[in-house]
Each structure stands twice: as C-alpha cells, then as structure tokens.
file upload_10.pdb (PDB, C-alpha atoms, pLDDT in the B column)
ATOM      1  CA  MET A   6     -35.054  -4.464 -26.254  1.00 67.00           C
ATOM      2  CA  LYS A   7     -34.278  -1.417 -24.143  1.00 87.00           C
ATOM      3  CA  ILE A   8     -31.760  -1.406 -21.283  1.00 87.00           C
ATOM      4  CA  LYS A   9     -33.025  -0.281 -17.890  1.00 93.00           C
ATOM      5  CA  VAL A  10     -30.750   0.756 -15.018  1.00 95.00           C
ATOM      6  CA  ARG A  11     -32.174   0.212 -11.557  1.00 95.00           C
ATOM      7  CA  ARG A  12     -31.324  -0.726  -8.000  1.00 95.00           C
ATOM      8  CA  ALA A  13     -30.632  -4.417  -7.606  1.00 97.00           C
ATOM      9  CA  SER A  14     -33.325  -6.666  -6.153  1.00 96.00           C
ATOM     10  CA  PRO A  15     -33.077 -10.010  -4.330  1.00 96.00           C
ATOM     11  CA  GLN A  16     -33.879 -11.749  -7.627  1.00 96.00           C
ATOM     12  CA  ASP A  17     -30.657 -10.294  -9.101  1.00 97.00           C
ATOM     13  CA  VAL A  18     -28.244 -11.790  -6.555  1.00 97.00           C
ATOM     14  CA  SER A  19     -27.425 -14.928  -8.571  1.00 96.00           C
ATOM     15  CA  ALA A  20     -26.839 -12.974 -11.784  1.00 97.00           C
ATOM     16  CA  ILE A  21     -24.664 -10.401  -9.989  1.00 97.00           C
ATOM     17  CA  ALA A  22     -22.681 -13.178  -8.306  1.00 97.00           C
ATOM     18  CA  ALA A  23     -22.117 -14.891 -11.669  1.00 96.00           C
ATOM     19  CA  LEU A  24     -20.964 -11.646 -13.309  1.00 96.00           C
ATOM     20  CA  VAL A  25     -18.577 -10.808 -10.475  1.00 95.00           C
ATOM     21  CA  ALA A  26     -17.281 -14.407 -10.389  1.00 95.00           C
ATOM     22  CA  SER A  27     -16.432 -14.291 -14.092  1.00 93.00           C
ATOM     23  CA  TYR A  28     -14.256 -11.210 -13.493  1.00 90.00           C
ATOM     24  CA  ALA A  29     -12.835 -12.615 -10.243  1.00 87.00           C
ATOM     25  CA  LYS A  30     -11.740 -15.768 -12.090  1.00 87.00           C
ATOM     26  CA  SER A  31      -9.543 -13.653 -14.361  1.00 82.00           C
ATOM     27  CA  GLY A  32      -8.291 -11.600 -11.389  1.00 77.00           C
ATOM     28  CA  ASP A  33      -9.992  -8.391 -12.538  1.00 82.00           C
ATOM     29  CA  LEU A  34     -12.286  -8.144  -9.504  1.00 83.00           C
ATOM     30  CA  LEU A  35     -12.147  -9.403  -5.957  1.00 81.00           C
ATOM     31  CA  PRO A  36     -14.568 -12.278  -5.393  1.00 85.00           C
ATOM     32  CA  ARG A  37     -17.878 -11.496  -3.696  1.00 91.00           C
ATOM     33  CA  SER A  38     -20.028 -14.269  -2.226  1.00 93.00           C
ATOM     34  CA  ARG A  39     -23.772 -14.463  -2.812  1.00 95.00           C
ATOM     35  CA  GLN A  40     -24.213 -13.783   0.896  1.00 96.00           C
ATOM     36  CA  GLU A  41     -21.996 -10.684   0.725  1.00 94.00           C
ATOM     37  CA  ILE A  42     -23.910  -9.414  -2.322  1.00 96.00           C
ATOM     38  CA  ALA A  43     -27.287 -10.133  -0.717  1.00 97.00           C
ATOM     39  CA  SER A  44     -26.326  -8.372   2.513  1.00 95.00           C
ATOM     40  CA  SER A  45     -25.155  -5.278   0.615  1.00 95.00           C
ATOM     41  CA  LEU A  46     -27.886  -5.303  -2.033  1.00 95.00           C
ATOM     42  CA  VAL A  47     -28.933  -1.706  -1.354  1.00 94.00           C
ATOM     43  CA  SER A  48     -25.539  -0.574  -2.664  1.00 95.00           C
ATOM     44  CA  TRP A  49     -25.847  -2.400  -6.025  1.00 97.00           C
ATOM     45  CA  VAL A  50     -27.088  -1.096  -9.370  1.00 97.00           C
ATOM     46  CA  VAL A  51     -27.871  -3.314 -12.359  1.00 97.00           C
ATOM     47  CA  ALA A  52     -28.448  -2.734 -16.052  1.00 96.00           C
ATOM     48  CA  VAL A  53     -31.063  -5.163 -17.348  1.00 95.00           C
ATOM     49  CA  ARG A  54     -32.382  -6.072 -20.763  1.00 89.00           C
ATOM     50  CA  GLY A  55     -35.756  -7.672 -20.250  1.00 86.00           C
ATOM     51  CA  GLU A  56     -35.139  -9.740 -17.124  1.00 85.00           C
ATOM     52  CA  ALA A  57     -31.447 -10.429 -17.814  1.00 92.00           C
ATOM     53  CA  VAL A  58     -28.796  -8.610 -15.799  1.00 95.00           C
ATOM     54  CA  GLN A  59     -26.260  -7.299 -18.313  1.00 96.00           C
ATOM     55  CA  ALA A  60     -24.066  -5.188 -15.991  1.00 97.00           C
ATOM     56  CA  CYS A  61     -23.677  -4.380 -12.315  1.00 97.00           C
ATOM     57  CA  GLY A  62     -21.699  -2.286  -9.883  1.00 97.00           C
ATOM     58  CA  SER A  63     -21.796  -1.241  -6.267  1.00 97.00           C
ATOM     59  CA  LEU A  64     -21.185   1.875  -4.218  1.00 96.00           C
ATOM     60  CA  VAL A  65     -19.374   1.238  -0.950  1.00 92.00           C
ATOM     61  CA  HIS A  66     -19.479   3.920   1.725  1.00 91.00           C
ATOM     62  CA  TYR A  67     -16.468   4.336   3.988  1.00 86.00           C
ATOM     63  CA  THR A  68     -17.395   7.642   5.617  1.00 86.00           C
ATOM     64  CA  PRO A  69     -20.113  10.206   4.857  1.00 84.00           C
ATOM     65  CA  MET A  70     -17.480  11.972   2.703  1.00 88.00           C
ATOM     66  CA  LEU A  71     -15.836   8.960   0.992  1.00 89.00           C
ATOM     67  CA  SER A  72     -17.269   6.182  -1.199  1.00 93.00           C
ATOM     68  CA  GLU A  73     -15.892   3.666  -3.667  1.00 93.00           C
ATOM     69  CA  ILE A  74     -17.221   2.265  -6.920  1.00 96.00           C
ATOM     70  CA  ARG A  75     -16.443  -1.421  -6.948  1.00 92.00           C
ATOM     71  CA  SER A  76     -17.374  -4.677  -8.650  1.00 94.00           C
ATOM     72  CA  LEU A  77     -18.310  -2.905 -11.886  1.00 96.00           C
ATOM     73  CA  ALA A  78     -18.843  -5.711 -14.408  1.00 95.00           C
ATOM     74  CA  VAL A  79     -20.464  -6.140 -17.821  1.00 95.00           C
ATOM     75  CA  ALA A  80     -21.610  -9.473 -19.272  1.00 93.00           C
ATOM     76  CA  GLU A  81     -19.257 -10.736 -21.977  1.00 88.00           C
ATOM     77  CA  ASP A  82     -21.972 -10.700 -24.654  1.00 86.00           C
ATOM     78  CA  ALA A  83     -23.012  -7.147 -23.704  1.00 84.00           C
ATOM     79  CA  LYS A  84     -19.594  -5.469 -23.826  1.00 87.00           C
ATOM     80  CA  ARG A  85     -18.974  -2.465 -26.069  1.00 83.00           C
ATOM     81  CA  ASN A  86     -22.565  -1.255 -25.697  1.00 84.00           C
ATOM     82  CA  GLY A  87     -21.875   1.484 -23.146  1.00 89.00           C
ATOM     83  CA  LEU A  88     -23.360  -0.443 -20.229  1.00 92.00           C
ATOM     84  CA  GLY A  89     -20.303   0.048 -18.026  1.00 93.00           C
ATOM     85  CA  MET A  90     -20.559   3.799 -18.565  1.00 94.00           C
ATOM     86  CA  VAL A  91     -24.284   3.768 -17.781  1.00 94.00           C
ATOM     87  CA  VAL A  92     -23.781   1.824 -14.538  1.00 96.00           C
ATOM     88  CA  GLY A  93     -20.773   3.964 -13.601  1.00 96.00           C
ATOM     89  CA  GLN A  94     -22.769   7.148 -14.191  1.00 96.00           C
ATOM     90  CA  ALA A  95     -25.657   5.805 -12.078  1.00 96.00           C
ATOM     91  CA  LEU A  96     -23.250   5.102  -9.213  1.00 97.00           C
ATOM     92  CA  ILE A  97     -21.716   8.569  -9.510  1.00 96.00           C
ATOM     93  CA  GLU A  98     -25.178  10.133  -9.348  1.00 95.00           C
ATOM     94  CA  GLU A  99     -26.063   7.961  -6.352  1.00 94.00           C
ATOM     95  CA  ALA A 100     -22.922   9.143  -4.542  1.00 95.00           C
ATOM     96  CA  ARG A 101     -23.620  12.753  -5.483  1.00 93.00           C
ATOM     97  CA  GLY A 102     -27.204  12.411  -4.198  1.00 92.00           C
ATOM     98  CA  ARG A 103     -25.907  11.118  -0.880  1.00 91.00           C
ATOM     99  CA  GLY A 104     -23.635  14.126  -0.483  1.00 92.00           C
ATOM    100  CA  VAL A 105     -20.403  12.158  -0.906  1.00 93.00           C
ATOM    101  CA  HIS A 106     -17.434  14.479  -1.488  1.00 93.00           C
ATOM    102  CA  THR A 107     -14.847  12.007  -2.774  1.00 91.00           C
ATOM    103  CA  LEU A 108     -15.490   8.969  -4.948  1.00 94.00           C
ATOM    104  CA  PHE A 109     -12.715   6.547  -5.838  1.00 91.00           C
ATOM    105  CA  ALA A 110     -12.011   3.174  -7.422  1.00 90.00           C
ATOM    106  CA  LEU A 111      -9.056   0.836  -7.748  1.00 86.00           C
ATOM    107  CA  THR A 112      -8.813  -0.423 -11.306  1.00 84.00           C
ATOM    108  CA  ARG A 113      -6.733  -1.733 -14.171  1.00 79.00           C
ATOM    109  CA  THR A 114      -8.975   0.111 -16.638  1.00 82.00           C
ATOM    110  CA  THR A 115      -7.976   3.681 -15.888  1.00 87.00           C
ATOM    111  CA  GLY A 116      -9.070   4.878 -19.348  1.00 90.00           C
ATOM    112  CA  PHE A 117     -12.639   3.782 -18.653  1.00 92.00           C
ATOM    113  CA  PHE A 118     -12.758   5.681 -15.363  1.00 93.00           C
ATOM    114  CA  GLN A 119     -11.094   8.726 -16.896  1.00 94.00           C
ATOM    115  CA  LYS A 120     -13.927   8.827 -19.471  1.00 95.00           C
ATOM    116  CA  LEU A 121     -16.323   8.967 -16.503  1.00 95.00           C
ATOM    117  CA  GLY A 122     -14.404  11.970 -15.137  1.00 94.00           C
ATOM    118  CA  PHE A 123     -12.016  10.340 -12.649  1.00 94.00           C
ATOM    119  CA  GLU A 124      -8.373  11.344 -12.267  1.00 91.00           C
ATOM    120  CA  ILE A 125      -5.438   9.089 -11.396  1.00 87.00           C
ATOM    121  CA  SER A 126      -4.458   9.256  -7.726  1.00 83.00           C
ATOM    122  CA  LEU A 127      -2.466   7.284  -5.137  1.00 69.00           C
ATOM    123  CA  GLU A 128      -3.996   4.325  -3.324  1.00 61.00           C
ATOM    124  CA  GLN A 129      -2.288   5.467  -0.114  1.00 57.00           C
ATOM    125  CA  ARG A 130      -4.792   8.318  -0.171  1.00 54.00           C
ATOM    126  CA  PHE A 131      -7.483   5.757   0.735  1.00 56.00           C
ATOM    127  CA  PRO A 132      -6.329   3.899   3.854  1.00 50.00           C
ATOM    128  CA  GLU A 133      -9.962   2.895   4.478  1.00 52.00           C
ATOM    129  CA  LYS A 134      -9.837   0.741   1.322  1.00 51.00           C
ATOM    130  CA  VAL A 135      -6.419  -0.669   2.115  1.00 52.00           C
ATOM    131  CA  TRP A 136      -7.592  -1.629   5.605  1.00 44.00           C
ATOM    132  CA  ARG A 137     -10.938  -3.117   4.496  1.00 50.00           C
ATOM    133  CA  ASP A 138     -10.099  -4.997   1.289  1.00 55.00           C
ATOM    134  CA  CYS A 139      -6.466  -4.783   0.238  1.00 49.00           C
ATOM    135  CA  ARG A 140      -5.106  -6.404   3.378  1.00 49.00           C
ATOM    136  CA  LEU A 141      -7.162  -9.531   2.510  1.00 52.00           C
ATOM    137  CA  CYS A 142      -6.231  -9.612  -1.177  1.00 53.00           C
ATOM    138  CA  PRO A 143      -3.996 -12.507  -2.247  1.00 51.00           C
ATOM    139  CA  ILE A 144      -1.948 -10.259  -4.572  1.00 49.00           C
ATOM    140  CA  GLN A 145      -1.622  -7.260  -2.263  1.00 54.00           C
ATOM    141  CA  ASP A 146       2.186  -7.295  -2.467  1.00 56.00           C
ATOM    142  CA  ARG A 147       2.179  -7.220  -6.276  1.00 51.00           C
ATOM    143  CA  CYS A 148      -0.986  -5.213  -6.927  1.00 56.00           C
ATOM    144  CA  ASP A 149      -1.153  -3.581 -10.344  1.00 60.00           C
ATOM    145  CA  GLU A 150      -4.351  -1.632  -9.794  1.00 69.00           C
ATOM    146  CA  VAL A 151      -4.380   2.135 -10.053  1.00 74.00           C
ATOM    147  CA  ALA A 152      -6.381   4.435  -7.793  1.00 82.00           C
ATOM    148  CA  VAL A 153      -8.705   6.874  -9.535  1.00 90.00           C
ATOM    149  CA  VAL A 154     -10.617   9.643  -7.799  1.00 90.00           C
ATOM    150  CA  MET A 155     -13.440  12.072  -8.496  1.00 92.00           C
ATOM    151  CA  ASN A 156     -14.188  15.171  -6.432  1.00 91.00           C
ATOM    152  CA  LEU A 157     -17.983  15.467  -6.287  1.00 89.00           C
ATOM    153  CA  ASN A 158     -17.911  18.935  -4.689  1.00 77.00           C
ATOM    154  CA  GLN A 159     -17.270  20.541  -8.036  1.00 56.00           C
ATOM    155  CA  PRO A 160     -20.248  21.631 -10.113  1.00 52.00           C
ATOM    156  CA  VAL A 161     -21.267  19.367 -12.980  1.00 51.00           C
ATOM    157  CA  ILE A 162     -20.385  20.803 -16.389  1.00 51.00           C
ATOM    158  CA  HIS A 163     -22.537  19.613 -19.275  1.00 46.00           C
TER
END
call {"tool": "encode", "arguments": {"input": "upload_10.pdb", "output": "structure tokens"}}
result
Amino acid sequence: MKIKVRRASPQDVSAIAALVASYAKSGDLLPRSRQEIASSLVSWVVAVRGEAVQACGSLVHYTPMLSEIRSLAVAEDAKRNGLGMVVGQALIEEARGRGVHTLFALTRTTGFFQKLGFEISLEQRFPEKVWRDCRLCPIQDRCDEVAVVMNLNQPVIH
C-alpha cells in the first residue's frame, strides 16, 4: 500500500500522541500532550499507509524568519523505509513556502538531518528555542542534543 504525506487531521491526534510518547519514553523527544498536539494540529504533517499514521513531525514558528522542525517520529515497524526523510522534506517545503529564512532542529541524529541538508550549529544561536522549550526540559543541564540549521534563502539545487 502506498504512503501518503498530508497535513494532520483531528483523527490523527491519538496516533501522533502515541508516536511522540514512544520517543519521549526513551528520552529522544520531549513529551507532547494530546491537547498540545490538537491545539497545534495545523503545524503537523503525517505519513500514512491506508489509515495508519506511520510517521509525523511538526513545524514550529518562532518568528516570520525562524522555524523549527520538532517531534519528528517514525513508527517502529516502519523504520528504514525513508518515511523520516519524506516527512522532513515536507516540513522543509512547508517552511520554504511560508517564506521562512532559517530552519533549525535540536537532535541526537545529526546524520539524518545532514542528509536533509542541515548543517551543525550552536544552540545558543536559537534563544527562542531555549526560552520556549529548553528551560522546561528535565535534562537541560546535561543536554546532549546538537543544533542543526538550514538556510532557506539559498536556491534549491537538484
């Protein structure tokens, strides 16, 4: 069955919450409540096979010039099928379409983001993120995530 990437709908909230929770349990993502997901649903993209959500991710806007890819997750039984790349690419295109200049993420999987075209950066470059999320994180003093950044002002090379 073919994979379809689309904007998330209210029917996807439970599946997104379950995916994010599985990664939050291992400490790979910050937890997101169903309510938080539902209230930010317009920023979420899902990859579905049939009716089943196989991957998700969201695009968080800080300023008209700065956005973050966050909560990018792939179902355990769907890993290694390129779904993370497909969702990541959809979020990049969404940011580009909105005129965002700088796109970033905090991650432990820098290789994945580098394949998408991101470069390693410093998290201090994104005080908006530190103020919004990092200050609430239980491991903020021993964080091992790496900031990655993509400049969307540059022309796309195919």
call {"tool": "closest_atom_pairs", "arguments": {"input": "upload_10.pdb", "of": "range 16-99 of chain A", "to": "range 107-130 of chain A", "cutoff": "6 Å", "atoms": "only C-alpha atoms", "output": "CSV"}}
result
residue,atom,partner,partner_atom,distance
A:Leu71,CA,A:Thr107,CA,4.9
A:Ser72,CA,A:Leu108,CA,5.0
A:Glu73,CA,A:Phe109,CA,4.8
A:Ile74,CA,A:Ala110,CA,5.3
call {"tool": "atom_distance", "arguments": {"input": "upload_10.pdb", "atom1": "CA of Ala57 in chain A", "atom2": "CA of Gly102 in chain A"}}
result
26.9 Å
call {"tool": "atom_distance", "arguments": {"input": "upload_10.pdb", "atom1": "CA of Leu46 in chain A", "atom2": "CA of Asp17 in chain A"}}
result
9.1 Å
call {"tool": "resolve_selection", "arguments": {"input": "upload_10.pdb", "expression": "the PyMOL selection byres ((chain A and resi 75-84) around 8)", "output": "PyMOL selection string"}}
result
chain A and resi 24-25+28+34-35+59-65+73-74+85-89+92-93+110-111
call {"tool": "write_last_selection", "arguments": {"input": "upload_10.pdb", "atoms": "C-alpha atoms", "output": "PDB file, in the coordinates of the input"}}
result
ATOM      1  CA  LEU A  24     -20.964 -11.646 -13.309  1.00 96.00           C
ATOM      2  CA  VAL A  25     -18.577 -10.808 -10.475  1.00 95.00           C
ATOM      3  CA  TYR A  28     -14.256 -11.210 -13.493  1.00 90.00           C
ATOM      4  CA  LEU A  34     -12.286  -8.144  -9.504  1.00 83.00           C
ATOM      5  CA  LEU A  35     -12.147  -9.403  -5.957  1.00 81.00           C
ATOM      6  CA  GLN A  59     -26.260  -7.299 -18.313  1.00 96.00           C
ATOM      7  CA  ALA A  60     -24.066  -5.188 -15.991  1.00 97.00           C
ATOM      8  CA  CYS A  61     -23.677  -4.380 -12.315  1.00 97.00           C
ATOM      9  CA  GLY A  62     -21.699  -2.286  -9.883  1.00 97.00           C
ATOM     10  CA  SER A  63     -21.796  -1.241  -6.267  1.00 97.00           C
ATOM     11  CA  LEU A  64     -21.185   1.875  -4.218  1.00 96.00           C
ATOM     12  CA  VAL A  65     -19.374   1.238  -0.950  1.00 92.00           C
ATOM     13  CA  GLU A  73     -15.892   3.666  -3.667  1.00 93.00           C
ATOM     14  CA  ILE A  74     -17.221   2.265  -6.920  1.00 96.00           C
ATOM     15  CA  ARG A  85     -18.974  -2.465 -26.069  1.00 83.00           C
ATOM     16  CA  ASN A  86     -22.565  -1.255 -25.697  1.00 84.00           C
ATOM     17  CA  GLY A  87     -21.875   1.484 -23.146  1.00 89.00           C
ATOM     18  CA  LEU A  88     -23.360  -0.443 -20.229  1.00 92.00           C
ATOM     19  CA  GLY A  89     -20.303   0.048 -18.026  1.00 93.00           C
ATOM     20  CA  VAL A  92     -23.781   1.824 -14.538  1.00 96.00           C
ATOM     21  CA  GLY A  93     -20.773   3.964 -13.601  1.00 96.00           C
ATOM     22  CA  ALA A 110     -12.011   3.174  -7.422  1.00 90.00           C
ATOM     23  CA  LEU A 111      -9.056   0.836  -7.748  1.00 86.00           C
TER      24      LEU A 111
END
call {"tool": "closest_residue", "arguments": {"input": "upload_10.pdb", "among": "A:Val47, A:Met70, A:Ala26, A:Val53", "to": "Leu96 in chain A", "atoms": "all atoms listed in the file"}}
result
A:Val47
call {"tool": "atom_distance", "arguments": {"input": "upload_10.pdb", "atom1": "CA of Ser38 in chain A", "atom2": "CA of Ala22 in chain A"}}
result
6.7 Å
call {"tool": "closest_residue", "arguments": {"input": "upload_10.pdb", "among": "A:Arg54, A:Arg37, A:Lys7, A:His66", "to": "Ala100 in chain A", "atoms": "only C-alpha atoms"}}
result
A:His66
call {"tool": "resolve_selection", "arguments": {"input": "upload_10.pdb", "expression": "the PyMOL selection byres ((chain A and resi 39) around 10)", "output": "number ranges by chain"}}
result
A: 18-23, 25-26, 36-38, 40-45
call {"tool": "write_last_selection", "arguments": {"input": "upload_10.pdb", "atoms": "C-alpha atoms", "output": "PDB file, in the coordinates of the input"}}
result
ATOM      1  CA  VAL A  18     -28.244 -11.790  -6.555  1.00 97.00           C
ATOM      2  CA  SER A  19     -27.425 -14.928  -8.571  1.00 96.00           C
ATOM      3  CA  ALA A  20     -26.839 -12.974 -11.784  1.00 97.00           C
ATOM      4  CA  ILE A  21     -24.664 -10.401  -9.989  1.00 97.00           C
ATOM      5  CA  ALA A  22     -22.681 -13.178  -8.306  1.00 97.00           C
ATOM      6  CA  ALA A  23     -22.117 -14.891 -11.669  1.00 96.00           C
ATOM      7  CA  VAL A  25     -18.577 -10.808 -10.475  1.00 95.00           C
ATOM      8  CA  ALA A  26     -17.281 -14.407 -10.389  1.00 95.00           C
ATOM      9  CA  PRO A  36     -14.568 -12.278  -5.393  1.00 85.00           C
ATOM     10  CA  ARG A  37     -17.878 -11.496  -3.696  1.00 91.00           C
ATOM     11  CA  SER A  38     -20.028 -14.269  -2.226  1.00 93.00           C
ATOM     12  CA  GLN A  40     -24.213 -13.783   0.896  1.00 96.00           C
ATOM     13  CA  GLU A  41     -21.996 -10.684   0.725  1.00 94.00           C
ATOM     14  CA  ILE A  42     -23.910  -9.414  -2.322  1.00 96.00           C
ATOM     15  CA  ALA A  43     -27.287 -10.133  -0.717  1.00 97.00           C
ATOM     16  CA  SER A  44     -26.326  -8.372   2.513  1.00 95.00           C
ATOM     17  CA  SER A  45     -25.155  -5.278   0.615  1.00 95.00           C
TER      18      SER A  45
END
call {"tool": "axis_aligned_box", "arguments": {"input": "upload_10.pdb", "around": "range 50-67 of chain A", "padding_each_side": "4 Å", "output": "JSON"}}
result
{"center_x": -26.1, "center_y": -3.0, "center_z": -8.4, "size_x": 27.3, "size_y": 22.8, "size_z": 32.8}
